[in-house]
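Enquirer: my_file.cif is the file, holding mmCIF, C-alpha atoms and all ligand atoms:
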```
data_target
loop_
_atom_site.label_atom_id
_atom_site.label_comp_id
_atom_site.auth_asym_id
_atom_site.auth_seq_id
_atom_site.Cartn_x
_atom_site.Cartn_y
_atom_site.Cartn_z
CA MET A 1 4.79 25.34 -12.42
CA SER A 2 5.88 22.09 -13.99
CA LEU A 3 5.63 18.61 -12.56
CA ILE A 4 9.34 18.59 -11.83
CA ASP A 5 9.11 21.79 -9.79
CA GLU A 6 6.21 20.32 -7.87
CA ASP A 7 8.36 17.29 -7.13
CA GLU A 8 11.08 19.52 -5.77
CA ALA A 9 8.64 21.46 -3.63
CA LEU A 10 7.17 18.27 -2.25
CA ILE A 11 10.60 16.81 -1.56
CA ALA A 12 11.76 19.94 0.21
CA ALA A 13 8.66 19.94 2.40
CA ALA A 14 8.86 16.20 3.04
CA VAL A 15 12.49 16.46 4.13
CA LYS A 16 11.47 19.23 6.51
CA GLY A 17 8.93 16.91 8.06
CA SER A 18 5.65 17.50 6.30
CA ALA A 19 3.80 14.23 6.31
CA TYR A 20 1.32 15.77 3.90
CA ALA A 21 4.04 16.44 1.32
CA TRP A 22 5.47 12.97 1.73
CA GLU A 23 2.09 11.39 1.10
CA LYS A 24 1.54 13.53 -1.97
CA LEU A 25 4.92 12.56 -3.32
CA VAL A 26 4.22 8.87 -2.76
CA LYS A 27 0.77 9.15 -4.34
CA ARG A 28 2.27 10.77 -7.37
CA TYR A 29 4.74 7.97 -8.02
CA GLU A 30 3.10 4.86 -6.65
CA PRO A 31 1.19 3.94 -9.84
CA ARG A 32 4.37 4.00 -11.86
CA ILE A 33 6.35 1.99 -9.32
CA TYR A 34 3.57 -0.50 -8.65
CA ASN A 35 2.96 -1.21 -12.33
CA HIS A 36 6.67 -1.49 -12.91
CA GLY A 37 6.78 -4.13 -10.18
CA LEU A 38 3.73 -5.88 -11.56
CA ARG A 39 5.29 -6.26 -14.99
CA LEU A 40 8.61 -7.43 -13.60
CA THR A 41 7.34 -9.85 -10.96
CA GLY A 42 4.09 -10.86 -12.63
CA ASN A 43 2.07 -10.84 -9.42
CA PRO A 44 0.44 -8.19 -7.20
CA THR A 45 1.93 -9.43 -3.94
CA ASP A 46 5.52 -9.13 -5.10
CA ALA A 47 4.69 -5.86 -6.80
CA MET A 48 3.43 -4.49 -3.49
CA ASP A 49 6.51 -5.77 -1.67
CA LEU A 50 8.73 -4.20 -4.24
CA MET A 51 6.86 -0.91 -4.14
CA GLN A 52 7.13 -0.73 -0.37
CA GLU A 53 10.85 -1.45 -0.53
CA VAL A 54 11.26 1.25 -3.15
CA PHE A 55 9.51 3.89 -1.08
CA LEU A 56 11.43 2.85 1.98
CA GLY A 57 14.59 3.37 -0.04
CA VAL A 58 13.31 6.72 -1.29
CA TYR A 59 12.44 7.69 2.24
CA ARG A 60 15.85 6.74 3.60
CA ASN A 61 17.68 8.65 0.89
CA LEU A 62 15.36 11.57 0.32
CA HIS A 63 17.64 14.03 2.10
CA ARG A 64 20.41 13.01 -0.28
CA PHE A 65 18.39 13.83 -3.35
CA ARG A 66 20.02 16.92 -4.79
CA GLY A 67 17.87 17.75 -7.76
CA ASP A 68 20.74 17.46 -10.24
CA ALA A 69 18.83 14.52 -11.69
CA LYS A 70 15.11 14.39 -12.21
CA PHE A 71 13.32 12.85 -9.26
CA SER A 72 11.45 10.53 -11.62
CA SER A 73 14.76 9.14 -12.91
CA TRP A 74 16.12 8.89 -9.41
CA ILE A 75 13.16 6.94 -8.08
CA PHE A 76 13.16 4.69 -11.10
CA ARG A 77 16.80 3.89 -10.53
CA ILE A 78 15.93 2.81 -7.00
CA ALA A 79 13.00 0.76 -8.30
CA HIS A 80 15.17 -0.89 -10.90
CA ASN A 81 17.86 -1.83 -8.41
CA LYS A 82 15.33 -3.14 -5.91
CA ALA A 83 13.80 -5.31 -8.62
CA VAL A 84 17.21 -6.76 -9.43
CA ASP A 85 17.87 -7.39 -5.71
CA MET A 86 14.48 -8.99 -5.25
CA ASN A 87 14.98 -11.26 -8.21
CA ARG A 88 18.36 -12.32 -6.87
CA ARG A 89 16.88 -13.10 -3.46
CA LYS A 90 14.05 -15.09 -5.02
CA LYS A 91 16.46 -17.10 -7.07
CA LEU A 92 18.43 -17.93 -3.95
CA MET A 93 15.30 -18.89 -2.07
CA THR A 94 13.48 -20.97 -4.63
CA VAL A 95 14.87 -24.14 -6.07
CA GLN A 96 11.80 -24.41 -8.24
CA SER A 97 12.04 -25.44 -11.85
CA LYS A 98 11.55 -22.73 -14.40
CA ALA A 99 8.31 -24.28 -15.56
CA ASP A 100 6.95 -23.92 -12.04
CA ASP A 101 7.95 -20.29 -11.97
CA ASP A 102 6.12 -19.59 -15.18
CA PHE A 103 3.09 -21.40 -13.91
CA ASP A 104 3.08 -19.29 -10.77
CA ILE A 105 3.04 -16.10 -12.75
CA LEU A 106 0.19 -17.22 -14.98
CA ASP A 107 -1.69 -18.44 -11.95
CA SER A 108 -1.52 -15.13 -10.23
CA LEU A 109 -2.86 -13.12 -13.13
CA PRO A 110 -6.05 -11.24 -12.34
CA GLY A 111 -8.74 -13.85 -12.43
CA GLU A 112 -11.99 -12.28 -11.29
CA VAL A 113 -12.73 -10.49 -14.49
CA LYS A 114 -16.39 -11.45 -14.69
CA THR A 115 -17.53 -8.93 -12.12
CA GLU A 116 -15.66 -6.09 -13.79
CA PRO A 117 -17.36 -3.70 -16.21
CA GLU A 118 -16.80 -4.18 -19.92
CA HIS A 119 -13.91 -1.77 -20.43
CA ARG A 120 -12.16 -3.12 -17.35
CA LEU A 121 -12.42 -6.61 -18.67
CA ASN A 122 -10.64 -5.71 -21.86
CA GLU A 123 -8.04 -3.83 -19.93
CA GLN A 124 -7.47 -6.85 -17.69
CA GLN A 125 -7.24 -9.13 -20.68
CA LEU A 126 -4.72 -6.90 -22.40
CA ASN A 127 -2.65 -6.70 -19.25
CA SER A 128 -2.80 -10.44 -18.78
CA GLN A 129 -1.56 -10.87 -22.30
CA VAL A 130 1.36 -8.56 -21.60
CA LEU A 131 2.21 -10.40 -18.38
CA ARG A 132 2.05 -13.74 -20.16
CA MET A 133 4.45 -12.47 -22.76
CA LEU A 134 6.86 -10.98 -20.24
CA ALA A 135 6.76 -14.17 -18.19
CA GLN A 136 8.47 -15.93 -21.06
CA LEU A 137 11.55 -13.75 -20.75
CA PRO A 138 14.45 -14.23 -18.36
CA MET A 139 14.70 -11.38 -15.86
CA GLU A 140 17.56 -9.60 -17.59
CA GLN A 141 15.56 -9.37 -20.81
CA ARG A 142 12.38 -8.45 -18.99
CA LEU A 143 14.26 -5.60 -17.34
CA ILE A 144 15.49 -4.21 -20.60
CA VAL A 145 12.03 -4.40 -22.17
CA GLU A 146 10.68 -2.65 -19.10
CA CYS A 147 13.24 0.13 -19.38
CA LYS A 148 12.95 0.60 -23.12
CA ILE A 149 9.25 0.19 -23.75
CA PHE A 150 7.54 1.05 -20.50
CA GLN A 151 9.95 3.61 -19.11
CA SER A 152 10.98 4.99 -22.51
CA LEU A 153 14.66 5.10 -21.62
CA THR A 154 17.26 5.42 -24.35
CA PHE A 155 19.79 2.63 -24.87
CA GLU A 156 22.41 5.01 -23.51
CA GLU A 157 20.43 5.48 -20.31
CA ILE A 158 19.82 1.75 -20.04
CA ALA A 159 23.49 1.00 -20.56
CA GLU A 160 24.38 3.39 -17.77
CA LEU A 161 21.67 2.06 -15.45
CA GLN A 162 22.49 -1.60 -15.99
CA ASP A 163 26.23 -1.06 -16.24
CA MET A 164 26.73 -2.49 -19.72
CA SER A 165 27.73 -1.25 -23.14
CA VAL A 166 25.17 0.46 -25.34
CA ASN A 167 25.60 -2.30 -27.87
CA THR A 168 24.88 -5.01 -25.30
CA ALA A 169 21.71 -3.14 -24.34
CA LYS A 170 20.60 -3.00 -27.97
CA THR A 171 21.38 -6.66 -28.57
CA ARG A 172 19.57 -7.74 -25.44
CA PHE A 173 16.49 -5.73 -26.32
CA TYR A 174 16.51 -7.13 -29.83
CA THR A 175 16.85 -10.68 -28.50
CA ALA A 176 13.94 -10.08 -26.13
CA LEU A 177 11.71 -8.71 -28.88
CA LYS A 178 12.51 -11.64 -31.13
CA LYS A 179 11.68 -14.06 -28.35
CA LEU A 180 8.38 -12.25 -27.71
CA LYS A 181 7.61 -12.33 -31.40
CA VAL A 182 7.95 -16.12 -31.43
CA VAL A 183 5.94 -16.44 -28.23
CA SER A 184 3.06 -14.30 -29.43
CA GLU A 185 2.98 -16.03 -32.82
CA GLU A 186 2.75 -19.37 -31.05
CA ALA A 187 -0.02 -17.98 -28.87
CA ASN A 188 -1.90 -16.78 -31.94
CA VAL A 189 -1.65 -20.21 -33.54
CA LEU A 190 -2.90 -21.81 -30.33
CA SER A 191 -5.85 -19.44 -29.97
CA GLN A 192 -6.93 -20.15 -33.56
CA ASP A 193 -7.35 -23.85 -32.87
CA MET B 1 15.16 -14.74 -48.65
CA SER B 2 17.47 -13.74 -45.79
CA CYS B 3 19.23 -10.42 -45.67
CA PRO B 4 22.56 -9.76 -43.94
CA LYS B 5 21.35 -6.37 -42.79
CA THR B 6 18.25 -7.50 -40.91
CA GLU B 7 19.73 -7.82 -37.44
CA HIS B 8 21.69 -4.60 -37.54
CA LEU B 9 18.80 -2.68 -39.05
CA THR B 10 16.13 -3.86 -36.64
CA LYS B 11 18.47 -3.33 -33.70
CA GLU B 12 19.24 0.21 -34.76
CA TYR B 13 15.65 0.99 -35.59
CA PHE B 14 14.78 1.14 -31.87
CA SER B 15 17.59 3.46 -30.86
CA SER B 16 16.80 7.11 -30.57
CA GLY B 17 20.16 8.56 -31.46
CA LEU B 18 20.16 7.83 -35.17
CA SER B 19 21.58 10.43 -37.50
CA GLU B 20 19.50 11.72 -40.40
CA VAL B 21 21.79 9.93 -42.80
CA SER B 22 21.36 6.56 -41.11
CA LYS B 23 17.60 7.09 -40.95
CA GLN B 24 17.43 7.74 -44.68
CA GLU B 25 19.63 4.74 -45.44
CA MET B 26 17.43 2.58 -43.28
CA GLU B 27 14.24 3.75 -44.92
CA SER B 28 15.50 3.24 -48.41
CA HIS B 29 16.66 -0.26 -47.54
CA LEU B 30 13.30 -1.06 -45.99
CA ARG B 31 11.54 0.06 -49.16
CA SER B 32 13.54 -2.40 -51.21
CA CYS B 33 13.98 -5.35 -48.82
CA GLU B 34 10.94 -7.49 -48.06
CA ARG B 35 12.76 -9.55 -45.45
CA CYS B 36 13.80 -6.62 -43.29
CA ASN B 37 10.42 -5.03 -43.72
CA GLN B 38 8.63 -8.15 -42.47
CA GLU B 39 10.95 -8.62 -39.55
CA LEU B 40 10.61 -5.04 -38.44
CA GLU B 41 6.85 -5.13 -38.77
CA SER B 42 6.53 -8.20 -36.59
CA LEU B 43 8.75 -6.63 -33.94
CA LEU B 44 6.70 -3.46 -34.02
CA LEU B 45 3.60 -5.56 -33.55
CA VAL B 46 5.17 -7.06 -30.43
CA GLN B 47 5.98 -3.59 -29.20
CA SER B 48 2.44 -2.38 -29.72
CA LYS B 49 1.07 -5.44 -27.92
CA LEU B 50 3.27 -4.60 -24.95
CA GLU B 51 2.24 -0.98 -25.13
CA SER B 52 -1.40 -1.98 -24.75
CA TRP B 53 -0.64 -2.24 -21.05
CA GLN B 54 -3.01 -0.15 -18.94
CA ASP B 55 -1.73 0.91 -15.55
CA GLN B 56 -3.45 -1.01 -12.80
CA ARG B 57 -4.74 0.67 -9.70
CA VAL B 58 -2.46 0.48 -6.69
CA PRO B 59 -4.02 -1.55 -3.86
CA HIS B 60 -4.57 0.34 -0.65
CA TRP B 61 -1.50 0.70 1.55
CA ASN B 62 -0.32 3.11 4.22
CA ARG B 63 2.18 4.92 1.98
CA GLY B 64 4.87 4.63 4.58
CA MET B 65 3.04 7.23 6.66
CA GLU B 66 3.60 5.32 9.88
CA LEU B 67 7.30 5.13 9.22
CA TYR B 68 7.42 8.76 8.17
CA ARG B 69 5.64 9.98 11.25
CA ARG B 70 7.61 7.75 13.57
CA GLU B 71 10.92 8.92 12.19
CA HIS B 72 9.90 12.54 12.30
CA GLY B 73 8.83 12.16 15.89
CA GLN B 74 5.31 13.10 14.88
CA ASN B 75 2.12 11.54 16.08
CA GLU B 76 3.81 8.60 17.68
CA SER B 77 2.05 9.00 20.97
CA GLN B 78 -0.95 10.44 19.17
CA GLY B 79 -1.18 7.28 17.16
CA ARG B 80 -0.84 5.28 20.33
CA ILE B 81 -3.65 7.20 21.96
CA PHE B 82 -5.87 6.85 18.94
CA ASP B 83 -5.16 3.16 19.09
CA LEU B 84 -6.01 3.25 22.76
CA TRP B 85 -9.28 5.00 22.00
CA ARG B 86 -10.18 2.31 19.57
CA TRP B 87 -9.08 -0.35 21.94
CA LEU B 88 -10.67 1.05 25.07
CA PRO B 89 -14.28 0.00 24.45
CA THR B 90 -13.08 -3.52 23.85
CA ALA B 91 -11.02 -3.48 27.00
CA THR B 92 -13.96 -2.09 28.90
CA SER B 93 -16.26 -4.75 27.54
CA PHE B 94 -13.74 -7.38 28.46
CA ALA B 95 -13.34 -6.01 31.97
CA MET B 96 -17.11 -5.86 32.31
CA LEU B 97 -17.40 -9.40 31.16
CA LEU B 98 -14.87 -10.45 33.78
CA LEU B 99 -16.84 -8.57 36.41
CA VAL B 100 -20.05 -10.23 35.31
CA VAL B 101 -18.41 -13.62 35.59
CA LEU B 102 -16.99 -12.70 38.97
CA ASN B 103 -20.35 -11.35 40.07
CA THR B 104 -22.05 -14.53 39.13
CA SER B 105 -19.74 -16.56 41.26
CA LEU B 106 -20.03 -14.07 44.08
CA VAL B 107 -23.79 -14.16 43.79
CA ILE B 108 -23.71 -17.88 44.00
CA GLY B 109 -21.76 -17.45 47.22
CA ASP B 110 -24.37 -14.98 48.47
CA GLN B 111 -27.17 -17.31 47.58
CA GLY B 112 -25.43 -20.02 49.55
CA VAL B 113 -25.44 -17.69 52.54
CA SER B 114 -29.08 -16.70 52.08
CA LEU B 115 -30.06 -20.37 51.63
CA SER B 116 -28.55 -21.24 54.90
CA PHE B 117 -30.63 -18.34 56.25
CA GLY B 118 -33.71 -19.84 54.63
CA ASP B 119 -33.18 -23.10 56.47
CA SER B 120 -33.71 -21.50 59.83
CA SER B 121 -36.55 -19.10 58.90
CA ALA B 122 -40.00 -19.40 57.31
CA SER B 123 -40.11 -19.69 53.50
CA SER B 124 -42.30 -16.53 53.24
CA GLY B 125 -39.60 -14.70 55.20
CA LEU B 126 -37.07 -15.86 52.65
CA GLU B 127 -39.32 -14.71 49.79
CA SER B 128 -39.73 -11.26 51.23
CA ARG B 129 -36.03 -11.03 51.97
CA LEU B 130 -35.19 -11.93 48.38
CA ASP B 131 -37.82 -9.45 47.12
CA ALA B 132 -36.41 -6.72 49.26
CA PHE B 133 -32.93 -7.59 48.08
CA GLN B 134 -34.09 -7.50 44.47
CA ASN B 135 -35.83 -4.15 44.90
CA ASN B 136 -32.82 -2.78 46.61
CA GLN B 137 -30.70 -3.90 43.67
CA GLN B 138 -33.03 -2.42 41.09
CA ALA B 139 -32.90 0.90 42.92
CA LYS B 140 -29.12 0.71 43.14
CA LEU B 141 -28.81 -0.13 39.46
CA ALA B 142 -31.19 2.69 38.48
CA GLU B 143 -29.17 5.07 40.58
CA PHE B 144 -25.97 3.73 39.09
CA VAL B 145 -27.28 4.10 35.53
CA ALA B 146 -28.32 7.63 36.33
CA ARG B 147 -24.82 8.35 37.59
CA ILE B 148 -23.12 7.15 34.46
CA GLU B 149 -25.69 8.64 32.10
CA ASN B 150 -23.57 11.73 31.89
CA ARG B 151 -21.02 9.71 29.98
CA GLN B 152 -21.88 10.06 26.33
CA ASP B 153 -20.48 6.63 25.70
CA SER B 154 -23.45 4.77 24.27
CA ASN B 155 -21.44 1.59 23.94
CA ASN B 156 -20.88 1.53 27.65
CA MET B 157 -24.53 2.35 28.28
CA GLN B 158 -25.56 -0.59 26.20
CA LEU B 159 -23.07 -2.69 28.05
CA MET B 160 -24.53 -1.57 31.34
CA GLN B 161 -27.97 -2.54 30.09
CA VAL B 162 -26.66 -6.00 29.36
CA VAL B 163 -25.08 -6.19 32.79
CA PHE B 164 -28.34 -5.04 34.27
CA ASP B 165 -30.31 -7.69 32.42
CA GLN B 166 -27.91 -10.49 33.08
CA THR B 167 -27.07 -9.98 36.71
CA GLN B 168 -30.32 -9.43 38.53
CA GLN B 169 -28.65 -10.50 41.69
CA THR B 170 -25.72 -8.12 41.57
CA THR B 171 -24.74 -6.94 44.99
CA ALA B 172 -24.40 -3.29 45.87
CA GLU B 173 -20.75 -3.85 46.62
CA ASN B 174 -20.14 -5.16 43.12
CA LEU B 175 -22.06 -2.29 41.61
CA GLU B 176 -19.84 0.03 43.52
CA ARG B 177 -16.82 -1.71 42.06
CA ILE B 178 -18.20 -1.46 38.54
CA TYR B 179 -18.97 2.17 39.10
CA THR B 180 -15.46 2.84 40.41
CA PHE B 181 -14.01 1.08 37.43
CA PHE B 182 -16.09 3.16 35.04
CA GLU B 183 -15.21 6.32 36.86
CA GLU B 184 -11.52 5.51 36.67
CA GLN B 185 -11.82 4.75 32.98
CA ARG B 186 -13.68 8.00 32.42
CA LEU B 187 -11.00 10.05 34.14
CA GLN B 188 -8.35 8.18 32.23
CA ASP B 189 -10.24 8.84 28.98
CA LEU B 190 -10.43 12.51 29.77
CA GLU B 191 -6.73 12.71 30.49
CA ASP B 192 -5.84 10.76 27.35
CA MET B 193 -8.16 12.92 25.34
CA ARG B 194 -6.61 16.08 26.74
CA VAL B 195 -3.09 14.90 25.93
CA GLY B 196 -4.27 13.62 22.55
CA TYR B 197 -5.88 16.93 21.64
CA GLN B 198 -2.80 18.79 22.73
CA GLU B 199 -0.60 16.64 20.53
CA LEU B 200 -3.07 16.83 17.72
CA ALA B 201 -3.04 20.60 18.01
CA ASN B 202 0.76 20.69 18.09
CA ASN B 203 0.99 18.39 15.14
CA ASP B 204 -1.59 20.27 13.14
CA TYR B 205 0.32 23.42 13.83
CA GLU B 206 3.42 21.75 12.36
CA THR B 207 1.45 20.56 9.34
CA ILE B 208 0.01 24.00 8.77
CA ARG B 209 3.45 25.52 9.03
CA SER B 210 4.95 23.11 6.51
CA LEU B 211 1.99 23.65 4.23
CA GLU B 212 2.63 27.35 4.43
CA GLN B 213 6.26 26.76 3.61
CA LEU B 214 5.20 24.61 0.70
CA ALA B 215 2.78 27.25 -0.52
CA GLN B 216 5.47 29.92 -0.24
CA TYR B 217 7.92 27.73 -2.07
CA VAL B 218 5.36 26.96 -4.76
CA SER B 219 4.36 30.57 -5.31
CA PHE B 220 8.01 31.59 -5.24
CA SER B 221 9.06 29.16 -7.95
CA GLY B 222 5.89 30.06 -9.81
CA GLU B 223 7.00 33.69 -9.96
CA VAL B 224 10.43 32.81 -11.27
CA ARG B 225 8.95 31.14 -14.30
ZN ZN C 301 17.24 -6.32 -45.69
#
```
Take the structure in the file and give it back as structure tokens.
Ligand SMILES: [Zn+2]
Expert:
Amino acid sequence: MSLIDEDEALIAAAVKGSAYAWEKLVKRYEPRIYNHGLRLTGNPTDAMDLMQEVFLGVYRNLHRFRGDAKFSSWIFRIAHNKAVDMNRRKKLMTVQSKADDDFDILDSLPGEVKTEPEHRLNEQQLNSQVLRMLAQLPMEQRLIVECKIFQSLTFEEIAELQDMSVNTAKTRFYTALKKLKVVSEEANVLSQD
Amino acid sequence: MSCPKTEHLTKEYFSSGLSEVSKQEMESHLRSCERCNQELESLLLVQSKLESWQDQRVPHWNRGMELYRREHGQNESQGRIFDLWRWLPTATSFAMLLLVVLNTSLVIGDQGVSLSFGDSSASSGLESRLDAFQNNQQAKLAEFVARIENRQDSNNMQLMQVVFDQTQQTTAENLERIYTFFEEQRLQDLEDMRVGYQELANNDYETIRSLEQLAQYVSFSGEVR
């Protein structure tokens, strides 16, 4: 029995009203959705908000899930769209300067690393580095990096998801990588001082 | 040092749908072109830095269970009763506290009455009256504690102890009121518990049924494979 079949079994049971199945389904996907939100928003609070919105969306539409697509793709599509919505709302709400935004994200990176065991510390540091890098990208580029690198989607899938041409997707990803290259080179120079 | 192919090559490098021919062309160009090679390497380094991401643990949350149960008409009242169970000791304490405060004021009133008594009688008479009153109260309280001992609610027992310690001058009438209150609460508890168990049983039955369905489904699709 593959993971996909298990998904279908859980969905079927959840739609029929099994709270147990619903919880199992959520547990199975929450790490992916939460970390997706963390990388896109840069802070745990927004990531939690996003995750809750995603599962609310999943919950509301679960009966419509037909199994012609993989559930993992389906839920990621919801997560992706919610992230775009959230970003749009935030932009409308905040009149902050971009510098302030960046500062916020860096501020909210995990700070209490001292109490963590050794391997956790490195993990936290690596994640912080990733978040710092991603924070330098505008949302549209961050999204494409998320899809390509963290979700391993093809450019064709990304183009379909983000409603753009395959070539635009490729160009945008390339632009993002080049920007990150510059950013991380600058960071390296800084850390050598 | 620049190469006109760099952008196209690095862009295409990350797409999955490359034909064998394009792959070979790309590789042979990379072998001969330092510029493209460097550029690609630095982009791959960026990619590997990003890929060092380790999934972080999800903070605790309710997994939408409340919503799920509410919308499936499950456990709503059960949840309410569980909440009530949690809340009840607090409510009881609060009610007791109110009673204690009320008692105190009532006792003050009683003392006023007995003081006016004391004015007209000998002070030893007053002493013995107060002693008798006190003894009477102790007996009443002991009896009262014995009556509620059957309740396995240790919180309430402790509370009673506090009431006992704090209000030495509690009148029998007030004790009766406290007892009535406790008795009412106990009956209410029992009723809530009965309803709660019933709903719990019903709900568990539903859960077991859906688990069975799940198990059937799972073993069914397992056989197909
Ligand atoms: Zn070249």
Enquirer: Can you measure atom CA of A:His36 to atom CA of A:Asn61 for me? One decimal in Å is fine.
Expert: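 Computing the Euclidean distance for atom CA of A:His36 and atom CA of A:Asn61 yields 20.4 Å.
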Enquirer: Please indicate the distance in Å from atom CA of B:Gln54 to atom CA of A:Cys147, rounded to one decimal place.
Expert: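 Separating atom CA of B:Gln54 from atom CA of A:Cys147 is a distance of 16.3 Å.
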Enquirer: Pick out the residues sitting within 10 Å of A:Ala159, and hand them over as a list in words; count only C-alpha atoms, and ignore anything fewer than 4 positions along from it in its own chain.
Expert: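 Contacts, with the query itself left out: Ile144, Leu153, Thr154, Phe155, Asp163, Met164, Ser165, Val166, Asn167, Thr168, Ala169 and Lys170 of chain A.
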Enquirer: Just want the residues within 7 Å of ligand ZN 301 (chain C), written as a CSV table (one decimal) with C-alpha atoms, keeping the file's coordinate frame, counting all atoms listed in the file.
Expert:
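Output (out_22.csv):
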```csv
chain,number,residue,atom,x,y,z
B,3,CYS,CA,19.2,-10.4,-45.7
B,4,PRO,CA,22.6,-9.8,-43.9
B,5,LYS,CA,21.4,-6.4,-42.8
B,6,THR,CA,18.2,-7.5,-40.9
B,29,HIS,CA,16.7,-0.3,-47.5
B,30,LEU,CA,13.3,-1.1,-46.0
B,33,CYS,CA,14.0,-5.4,-48.8
B,34,GLU,CA,10.9,-7.5,-48.1
B,35,ARG,CA,12.8,-9.6,-45.4
B,36,CYS,CA,13.8,-6.6,-43.3
```
Enquirer: Out of A:Val145, A:Val130, A:Ile78, A:Leu40, which residue has the shortest atom-to-atom distance to chain B when counting only C-alpha atoms?
Expert: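 Distance minimum relative to chain B lands on A:Val130.
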Enquirer: Which residues are close to A:His80, i.e. within 10 Å by all atoms listed in the file, leaving aside same-chain residues fewer than 4 positions away? Reply as a PyMOL selection string.
Expert: chain A and resi 33+36-37+40+50+54+74-76+84-86+143+146-147+161-162
Enquirer: Taking 4 positions as the minimum chain separation for residues in the same chain, which residues sit within 12 Å of A:Val58 when counting all atoms listed in the file? Answer as a ChimeraX atom specification.
Expert: /A:11,14-15,22,25-26,29-30,33,51-54,62-65,71-79,82 /B:63-64,68
Enquirer: What are the residues of chain A that have an atom within 7 Å of an atom of chain B, counting all atoms listed in the file, as a ChimeraX atom specification?
Expert: /A:1,9,13,17-19,23,26,31,34-35,123,126-127,130,154-155,170-171,174,177-178,180-181
Enquirer: What lies within 9 Å of A:Leu131 using all atoms listed in the file, ignoring chain neighbours under 2 positions off, as a list of chain:residue names?
Expert: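 Listing them by chain and then by number gives A:Leu38, A:Arg39, A:Leu40, A:Gly42, A:Asn43, A:Ile105, A:Leu106, A:Leu109, A:Leu126, A:Asn127, A:Ser128, A:Gln129, A:Met133, A:Leu134, A:Ala135, A:Gln136, B:Leu50.
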Enquirer: Using atom CA of A:Glu156 and atom CA of A:Arg172 as the two end points, give the distance in Å to one decimal.
Expert: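 These two atoms are separated by 13.2 Å.
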Enquirer: Would you please work out which residue, of A:Lys90, A:Asp7, A:Gly57, A:Arg32, is nearest to A:Ala69 when using all atoms listed in the file?
Expert: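 Distance minimum relative to A:Ala69 lands on A:Asp7.
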